[in-house]
file target-v4.cif (mmCIF, C-alpha atoms and all ligand atoms)
data_start
#
loop_
_atom_site.label_atom_id
_atom_site.label_comp_id
_atom_site.auth_asym_id
_atom_site.auth_seq_id
_atom_site.Cartn_x
_atom_site.Cartn_y
_atom_site.Cartn_z
CA MET A 13 -22.02 4.87 159.53
CA GLN A 14 -20.11 7.78 158.02
CA VAL A 15 -17.10 9.06 159.96
CA LYS A 16 -16.87 12.85 160.35
CA VAL A 17 -13.30 14.07 160.48
CA ASP A 18 -12.75 17.55 161.93
CA ARG A 19 -8.94 17.63 162.08
CA ARG A 20 -7.64 19.31 158.90
CA ARG A 21 -4.07 20.48 159.52
CA LEU A 22 -1.16 18.53 161.03
CA GLU A 23 2.20 20.09 161.87
CA GLY A 24 5.54 18.37 161.52
CA ARG A 25 9.09 19.58 162.15
CA THR A 26 9.70 21.06 158.69
CA VAL A 27 6.35 20.67 156.91
CA TYR A 28 2.65 20.77 157.58
CA ILE A 29 -0.16 19.13 155.66
CA ARG A 30 -3.63 20.54 155.05
CA PRO A 31 -6.41 20.00 152.51
CA LEU A 32 -6.41 22.35 149.52
CA ASP A 33 -9.12 24.87 148.75
CA THR A 34 -9.91 26.56 145.47
CA SER A 35 -7.53 29.46 146.24
CA ASP A 36 -4.66 26.91 146.14
CA ALA A 37 -5.31 26.11 142.46
CA PRO A 38 -2.57 28.42 141.05
CA GLU A 39 0.05 26.90 143.35
CA LEU A 40 -1.02 23.33 142.65
CA HIS A 41 -0.92 24.14 138.95
CA ARG A 42 2.62 25.56 139.29
CA LEU A 43 3.75 22.45 141.22
CA ARG A 44 2.27 20.11 138.59
CA VAL A 45 3.73 22.01 135.61
CA THR A 46 7.19 22.39 137.18
CA ASN A 47 7.35 18.67 138.00
CA ARG A 48 5.71 17.35 134.84
CA ASN A 49 8.81 15.65 133.48
CA PHE A 50 9.97 14.40 136.88
CA LEU A 51 6.62 12.75 137.68
CA ALA A 52 5.99 11.38 134.18
CA GLY A 53 7.85 8.15 134.98
CA PHE A 54 5.88 7.52 138.19
CA GLU A 55 2.27 8.32 137.30
CA PRO A 56 -0.40 7.33 134.78
CA SER A 57 0.08 9.03 131.37
CA ARG A 58 -1.30 12.56 131.58
CA HIS A 59 -3.04 14.33 128.72
CA ASP A 60 -1.97 17.95 128.05
CA ARG A 61 -5.29 19.10 129.50
CA PHE A 62 -4.25 17.74 132.90
CA PHE A 63 -1.78 20.64 133.12
CA HIS A 64 -4.45 23.34 132.66
CA ILE A 65 -5.33 25.26 135.79
CA GLU A 66 -9.08 24.51 135.41
CA VAL A 67 -8.36 20.79 135.60
CA GLN A 68 -6.28 21.24 138.75
CA LEU A 69 -9.10 23.35 140.20
CA SER A 70 -11.58 20.56 139.44
CA HIS A 71 -9.30 18.07 141.24
CA ILE A 72 -9.32 20.30 144.32
CA GLU A 73 -13.13 20.47 144.18
CA ALA A 74 -13.39 16.69 143.76
CA ALA A 75 -11.04 16.18 146.71
CA SER A 76 -13.25 18.44 148.89
CA GLU A 77 -16.26 16.32 147.98
CA ASP A 78 -14.34 13.14 148.75
CA TRP A 79 -13.43 14.60 152.15
CA ALA A 80 -17.07 15.49 152.91
CA ASN A 81 -18.22 12.00 151.86
CA ASP A 82 -15.48 10.12 153.76
CA ASP A 83 -14.23 8.74 150.42
CA GLY A 84 -10.70 10.17 150.57
CA TYR A 85 -8.46 12.69 152.34
CA ALA A 86 -6.00 14.66 150.19
CA PHE A 87 -3.48 17.18 151.51
CA GLY A 88 -0.95 19.61 150.17
CA ILE A 89 2.49 19.36 151.76
CA PHE A 90 3.72 22.83 152.76
CA ASP A 91 7.10 24.14 153.89
CA ARG A 92 6.62 25.50 157.43
CA GLU A 93 9.02 28.41 156.90
CA THR A 94 7.80 29.65 153.51
CA ASP A 95 4.25 28.23 153.30
CA GLU A 96 5.16 27.04 149.80
CA MET A 97 3.33 23.96 148.51
CA ILE A 98 6.04 21.35 147.88
CA GLY A 99 4.06 18.16 147.41
CA ARG A 100 0.86 16.25 147.83
CA VAL A 101 -0.14 13.28 149.93
CA ALA A 102 -3.51 11.53 149.87
CA LEU A 103 -5.52 8.74 151.41
CA SER A 104 -7.92 7.47 148.75
CA ASN A 105 -10.32 4.56 148.23
CA VAL A 106 -11.51 4.74 151.84
CA VAL A 107 -13.60 1.69 152.71
CA ARG A 108 -15.30 1.40 156.10
CA GLY A 109 -17.21 -1.60 157.46
CA ALA A 110 -14.99 -4.53 158.32
CA TRP A 111 -12.00 -3.16 156.39
CA GLN A 112 -11.41 0.48 157.58
CA ASN A 113 -8.70 0.76 154.93
CA ALA A 114 -7.29 3.48 152.65
CA THR A 115 -4.69 3.65 149.89
CA LEU A 116 -1.78 6.06 150.31
CA GLY A 117 -0.18 8.07 147.48
CA TYR A 118 2.27 11.00 147.47
CA PHE A 119 4.80 13.05 145.59
CA VAL A 120 7.37 15.69 146.52
CA ALA A 121 8.73 18.40 144.19
CA GLU A 122 11.93 17.27 142.53
CA VAL A 123 13.98 20.17 143.97
CA GLU A 124 12.90 19.19 147.48
CA ASN A 125 13.79 15.50 147.15
CA GLY A 126 16.27 13.92 149.54
CA LYS A 127 15.46 16.16 152.53
CA GLY A 128 13.13 13.80 154.38
CA ILE A 129 9.99 15.66 153.26
CA ALA A 130 8.04 12.60 152.07
CA THR A 131 8.99 10.63 155.18
CA GLU A 132 7.69 13.41 157.42
CA ALA A 133 4.51 13.99 155.37
CA VAL A 134 3.67 10.27 155.33
CA GLY A 135 4.18 10.19 159.11
CA LEU A 136 1.70 13.06 159.53
CA THR A 137 -0.76 11.32 157.20
CA LEU A 138 -0.57 8.14 159.29
CA GLU A 139 -1.25 10.22 162.39
CA PHE A 140 -4.30 11.64 160.61
CA ALA A 141 -5.44 8.19 159.44
CA PHE A 142 -5.20 6.44 162.78
CA LYS A 143 -5.88 9.25 165.28
CA TYR A 144 -8.44 11.38 163.47
CA ALA A 145 -9.97 9.35 160.61
CA SER A 146 -10.39 6.16 162.69
CA LEU A 147 -8.88 3.97 159.98
CA HIS A 148 -7.39 0.61 160.87
CA ARG A 149 -5.14 -0.01 157.88
CA VAL A 150 -3.25 2.04 155.29
CA GLN A 151 -1.79 0.36 152.23
CA ALA A 152 0.49 1.55 149.43
CA GLY A 153 1.69 0.02 146.18
CA VAL A 154 5.19 0.92 145.00
CA MET A 155 6.63 0.27 141.56
CA VAL A 156 9.37 -2.29 141.91
CA ARG A 157 12.04 0.14 140.66
CA ASN A 158 10.96 3.00 142.99
CA GLY A 159 13.51 2.45 145.75
CA ALA A 160 13.07 5.93 147.27
CA SER A 161 9.34 5.44 147.78
CA ALA A 162 9.80 1.99 149.33
CA ARG A 163 12.31 3.54 151.74
CA VAL A 164 9.80 6.23 152.75
CA LEU A 165 7.29 3.53 153.68
CA LEU A 166 9.77 1.33 155.53
CA LYS A 167 10.97 4.31 157.56
CA ASN A 168 7.35 4.87 158.60
CA GLY A 169 6.91 1.30 159.81
CA PHE A 170 5.12 -0.21 156.81
CA ARG A 171 5.48 -3.95 156.22
CA HIS A 172 6.21 -5.45 152.81
CA GLU A 173 3.29 -7.79 152.08
CA GLY A 174 4.15 -9.13 148.65
CA ARG A 175 4.23 -8.32 144.97
CA SER A 176 1.27 -7.64 142.68
CA ASP A 177 2.05 -8.28 139.02
CA ARG A 178 0.92 -5.72 136.43
CA TYR A 179 -0.85 -3.78 139.19
CA LEU A 180 -1.07 -0.23 137.75
CA GLU A 181 -0.61 1.35 134.34
CA ILE A 182 2.25 3.80 134.83
CA ALA A 183 3.48 5.88 131.89
CA GLY A 184 1.65 3.52 129.54
CA LYS A 185 3.02 0.25 130.94
CA TRP A 186 1.42 -2.26 133.37
CA GLU A 187 3.98 -2.17 136.16
CA ASP A 188 4.55 -4.75 138.91
CA HIS A 189 4.20 -3.20 142.37
CA ASP A 190 5.39 -4.14 145.84
CA MET A 191 2.54 -3.91 148.33
CA TYR A 192 3.09 -2.36 151.75
CA ALA A 193 0.69 -1.91 154.66
CA ILE A 194 0.52 -0.77 158.26
CA THR A 195 -2.28 -1.22 160.80
CA SER A 196 -3.07 0.98 163.79
CA GLU A 197 -1.62 -1.62 166.20
CA GLU A 198 1.79 -1.14 164.57
CA TRP A 199 1.67 2.60 164.29
CA PRO A 200 2.56 4.69 167.34
CA GLY A 201 6.30 5.07 167.40
CA ALA A 202 6.66 3.16 164.17
CA LEU A 203 9.10 5.71 162.68
CA ARG A 204 12.41 3.96 162.09
CA GLU A 205 15.89 5.28 161.44
C1 LIG B 301 9.47 8.99 146.27
C2 LIG B 301 9.48 10.43 146.74
C3 LIG B 301 8.10 10.77 147.30
C4 LIG B 301 10.55 10.56 147.86
O1 LIG B 301 10.47 11.87 148.39
P1 LIG B 301 11.65 12.47 149.31
O2 LIG B 301 11.10 13.66 150.02
O3 LIG B 301 12.87 12.64 148.52
O4 LIG B 301 11.83 11.25 150.35
P2 LIG B 301 12.70 11.26 151.70
O5 LIG B 301 13.80 12.26 151.58
O6 LIG B 301 11.75 11.41 152.85
O7 LIG B 301 13.25 9.76 151.77
C5 LIG B 301 13.83 9.15 150.63
C6 LIG B 301 14.67 7.97 151.09
O8 LIG B 301 14.93 7.14 149.95
C7 LIG B 301 16.33 7.00 149.78
N1 LIG B 301 16.57 6.87 148.34
C8 LIG B 301 16.64 7.83 147.40
N2 LIG B 301 16.80 7.26 146.19
C9 LIG B 301 16.80 5.91 146.37
C10 LIG B 301 16.92 4.79 145.51
N3 LIG B 301 17.07 4.95 144.19
N4 LIG B 301 16.86 3.56 146.06
C11 LIG B 301 16.71 3.37 147.39
N5 LIG B 301 16.60 4.41 148.26
C12 LIG B 301 16.64 5.66 147.75
C13 LIG B 301 16.92 8.25 150.40
O9 LIG B 301 18.27 8.08 150.71
C14 LIG B 301 16.01 8.37 151.63
O10 LIG B 301 16.33 7.41 152.61
P3 LIG B 301 17.27 7.75 153.88
O11 LIG B 301 16.52 8.81 154.66
O12 LIG B 301 17.37 6.48 154.60
O13 LIG B 301 18.56 8.27 153.35
C15 LIG B 301 9.84 11.41 145.59
O14 LIG B 301 11.04 11.01 144.99
C16 LIG B 301 8.76 11.49 144.53
O15 LIG B 301 7.86 12.31 144.62
N6 LIG B 301 8.89 10.62 143.50
C17 LIG B 301 7.94 10.63 142.38
C18 LIG B 301 6.54 10.21 142.78
C19 LIG B 301 6.52 8.91 143.52
O16 LIG B 301 7.33 8.03 143.28
N7 LIG B 301 5.57 8.79 144.45
C20 LIG B 301 5.39 7.57 145.23
C21 LIG B 301 4.58 6.58 144.45
S1 LIG B 301 4.40 5.08 145.39
#
call {"tool": "encode", "arguments": {"input": "target-v4.cif", "output": "structure tokens", "more": "lines below"}}
Ligand SMILES: CC(C)(COP(=O)(O)OP(=O)(O)OC[C@H]1O[C@@H](n2cnc3c(N)ncnc32)[C@H](O)[C@@H]1OP(=O)(O)O)[C@@H](O)C(=O)NCCC(=O)NCCS
result
Amino acid sequence: MQVKVDRRRLEGRTVYIRPLDTSDAPELHRLRVTNRNFLAGFEPSRHDRFFHIEVQLSHIEAASEDWANDDGYAFGIFDRETDEMIGRVALSNVVRGAWQNATLGYFVAEVENGKGIATEAVGLTLEFAFKYASLHRVQAGVMVRNGASARVLLKNGFRHEGRSDRYLEIAGKWEDHDMYAITSEEWPGALRE
């Protein structure tokens, strides 16, 4: 049975998250180009074409299809005061049946780092996952040397489950990742100081 999710926008204290539409392509493109060097060490190797606006537009279109098919839920992270797009957060690889699980990924613009933006956006995404998308479990893999990302998950109540060797190819190298997860039973009020 396919789950239909009607909730699209969630408001936090300093940011809100909402899915992107095709009119957001120029801003997503700007965010990607501005943060190309910053993100290079944390993502798969990107071909130059990735930084063309048409490719970013096609990613927005693919994300809309994923949303409609209950395959994934991607959001832009927006500053509440300026409405500027300052990051992206996504639930992907949604599997229903006995698992009801999704994989979480995110980034925040380098100039906005250290202000609690990712922590807040991940909190909103968990609210979406458990309250509106009827998921039971959200998991995330974090490169062993990515201390900031691990902290974002721990502050949102994720548990460290173990280490997966050579889990993802990041910047051309198979990197070991620490695996984190949270289930709906653990979630309400899971935000930790
Ligand atoms: C990881 C990332 C999302 C963090 O975004 P952010 O908005 O700066 O995160 P927050 O401000 O909400 O929280 C960061 C926390 O990590 C801590 N931190 C920062 N650098 C750290 C480090 N090297 N080691 C350990 N903790 C660190 C901060 O102090 C903060 O914790 P605190 O609130 O207890 O002080 C951002 O740096 C990013 O986009 N990185 C590149 C992409 C990426 O790594 N994505 C995640 C892939 S799993």
call {"tool": "closest_residue", "arguments": {"input": "target-v4.cif", "among": "A:Glu124, A:Glu39, A:Asp91, A:Glu139", "to": "ligand LIG 301 (chain B)", "atoms": "only C-alpha atoms and all ligand atoms"}}
result
A:Glu124
call {"tool": "closest_residue", "arguments": {"input": "target-v4.cif", "among": "A:Asn81, A:Asn168, A:Thr34, A:Thr26", "to": "Arg108 (chain A)", "atoms": "only C-alpha atoms"}}
result
A:Asn81
call {"tool": "closest_residue", "arguments": {"input": "target-v4.cif", "among": "A:Ser146, A:Gln68, A:Thr131, A:Ser176", "to": "ligand LIG 301 (chain B)", "atoms": "all atoms listed in the file"}}
result
A:Thr131
call {"tool": "closest_atom_pairs", "arguments": {"input": "target-v4.cif", "of": "chain A", "to": "ligand LIG 301 (chain B)", "cutoff": "8 Å", "atoms": "all atoms listed in the file", "output": "JSON lines"}}
result
{"residue": "A:Phe50", "atom": "CA", "partner": "B:LIG301", "partner_atom": "C17", "distance": 7.0}
{"residue": "A:Leu51", "atom": "CA", "partner": "B:LIG301", "partner_atom": "C17", "distance": 5.3}
{"residue": "A:Gly53", "atom": "CA", "partner": "B:LIG301", "partner_atom": "C17", "distance": 7.8}
{"residue": "A:Phe54", "atom": "CA", "partner": "B:LIG301", "partner_atom": "O16", "distance": 5.3}
{"residue": "A:Glu55", "atom": "CA", "partner": "B:LIG301", "partner_atom": "C18", "distance": 7.2}
{"residue": "A:Gly99", "atom": "CA", "partner": "B:LIG301", "partner_atom": "O15", "distance": 7.5}
{"residue": "A:Leu116", "atom": "CA", "partner": "B:LIG301", "partner_atom": "S1", "distance": 8.0}
{"residue": "A:Gly117", "atom": "CA", "partner": "B:LIG301", "partner_atom": "C21", "distance": 5.8}
{"residue": "A:Tyr118", "atom": "CA", "partner": "B:LIG301", "partner_atom": "N7", "distance": 5.0}
{"residue": "A:Phe119", "atom": "CA", "partner": "B:LIG301", "partner_atom": "O15", "distance": 3.3}
{"residue": "A:Val120", "atom": "CA", "partner": "B:LIG301", "partner_atom": "O15", "distance": 3.9}
{"residue": "A:Ala121", "atom": "CA", "partner": "B:LIG301", "partner_atom": "O15", "distance": 6.2}
{"residue": "A:Glu122", "atom": "CA", "partner": "B:LIG301", "partner_atom": "O15", "distance": 6.7}
{"residue": "A:Glu124", "atom": "CA", "partner": "B:LIG301", "partner_atom": "O2", "distance": 6.3}
{"residue": "A:Asn125", "atom": "CA", "partner": "B:LIG301", "partner_atom": "O3", "distance": 3.3}
{"residue": "A:Gly126", "atom": "CA", "partner": "B:LIG301", "partner_atom": "O5", "distance": 3.6}
{"residue": "A:Lys127", "atom": "CA", "partner": "B:LIG301", "partner_atom": "O5", "distance": 4.3}
{"residue": "A:Gly128", "atom": "CA", "partner": "B:LIG301", "partner_atom": "O6", "distance": 3.2}
{"residue": "A:Ile129", "atom": "CA", "partner": "B:LIG301", "partner_atom": "O2", "distance": 4.0}
{"residue": "A:Ala130", "atom": "CA", "partner": "B:LIG301", "partner_atom": "O2", "distance": 3.8}
{"residue": "A:Thr131", "atom": "CA", "partner": "B:LIG301", "partner_atom": "O6", "distance": 3.7}
{"residue": "A:Glu132", "atom": "CA", "partner": "B:LIG301", "partner_atom": "O6", "distance": 6.4}
{"residue": "A:Ala152", "atom": "CA", "partner": "B:LIG301", "partner_atom": "S1", "distance": 6.6}
{"residue": "A:Gly153", "atom": "CA", "partner": "B:LIG301", "partner_atom": "S1", "distance": 5.8}
{"residue": "A:Val154", "atom": "CA", "partner": "B:LIG301", "partner_atom": "S1", "distance": 4.3}
{"residue": "A:Met155", "atom": "CA", "partner": "B:LIG301", "partner_atom": "S1", "distance": 6.5}
{"residue": "A:Arg157", "atom": "CA", "partner": "B:LIG301", "partner_atom": "N3", "distance": 7.8}
{"residue": "A:Asn158", "atom": "CA", "partner": "B:LIG301", "partner_atom": "O16", "distance": 6.2}
{"residue": "A:Gly159", "atom": "CA", "partner": "B:LIG301", "partner_atom": "N4", "distance": 3.5}
{"residue": "A:Ala160", "atom": "CA", "partner": "B:LIG301", "partner_atom": "O8", "distance": 3.5}
{"residue": "A:Ser161", "atom": "CA", "partner": "B:LIG301", "partner_atom": "C1", "distance": 3.9}
{"residue": "A:Ala162", "atom": "CA", "partner": "B:LIG301", "partner_atom": "O8", "distance": 7.3}
{"residue": "A:Arg163", "atom": "CA", "partner": "B:LIG301", "partner_atom": "O8", "distance": 4.8}
{"residue": "A:Val164", "atom": "CA", "partner": "B:LIG301", "partner_atom": "O7", "distance": 5.0}
{"residue": "A:Lys167", "atom": "CA", "partner": "B:LIG301", "partner_atom": "O12", "distance": 7.4}
{"residue": "A:Glu205", "atom": "CA", "partner": "B:LIG301", "partner_atom": "O12", "distance": 7.1}
call {"tool": "residues_around", "arguments": {"input": "target-v4.cif", "residues": "region 169-175 of chain A", "least_positions_apart": "2", "cutoff": "6 Å", "atoms": "all atoms listed in the file", "output": "ChimeraX atom specification"}}
result
/A:165-167,189-194,202-203
call {"tool": "closest_residue", "arguments": {"input": "target-v4.cif", "among": "A:Val15, A:Gln151, A:His71, A:Val27", "to": "His41 (chain A)", "atoms": "all atoms listed in the file"}}
result
A:His71
call {"tool": "atom_distance", "arguments": {"input": "target-v4.cif", "atom1": "CA of Asp60 (chain A)", "atom2": "CA of Val45 (chain A)"}}
result
10.3 Å
call {"tool": "residues_near_point", "arguments": {"input": "target-v4.cif", "point": "(-8.3, 25.7, 136.0)", "cutoff": "12 Å", "atoms": "all atoms listed in the file", "output": "ChimeraX atom specification"}}
result
/A:34-42,61-73
call {"tool": "closest_residue", "arguments": {"input": "target-v4.cif", "among": "A:Asp78, A:Leu103, A:Ser57, A:Phe87", "to": "Lys185 (chain A)", "atoms": "all atoms listed in the file"}}
result
A:Ser57
call {"tool": "residues_near_point", "arguments": {"input": "target-v4.cif", "point": "(3.2, 16.4, 132.0)", "cutoff": "6 Å", "atoms": "all atoms listed in the file", "output": "mmCIF file with C-alpha atoms, keeping the file's coordinate frame"}}
result
data_model
loop_
_atom_site.group_PDB
_atom_site.id
_atom_site.type_symbol
_atom_site.label_atom_id
_atom_site.label_comp_id
_atom_site.auth_asym_id
_atom_site.auth_seq_id
_atom_site.Cartn_x
_atom_site.Cartn_y
_atom_site.Cartn_z
ATOM 1 C CA ARG A 48 5.710 17.350 134.840
ATOM 2 C CA ASN A 49 8.810 15.650 133.480
ATOM 3 C CA ARG A 58 -1.300 12.560 131.580
#
call {"tool": "atom_distance", "arguments": {"input": "target-v4.cif", "atom1": "CA of Lys16 (chain A)", "atom2": "CA of Ala80 (chain A)"}}
result
7.9 Å
call {"tool": "atom_distance", "arguments": {"input": "target-v4.cif", "atom1": "CA of Lys143 (chain A)", "atom2": "CA of Leu22 (chain A)"}}
result
11.2 Å
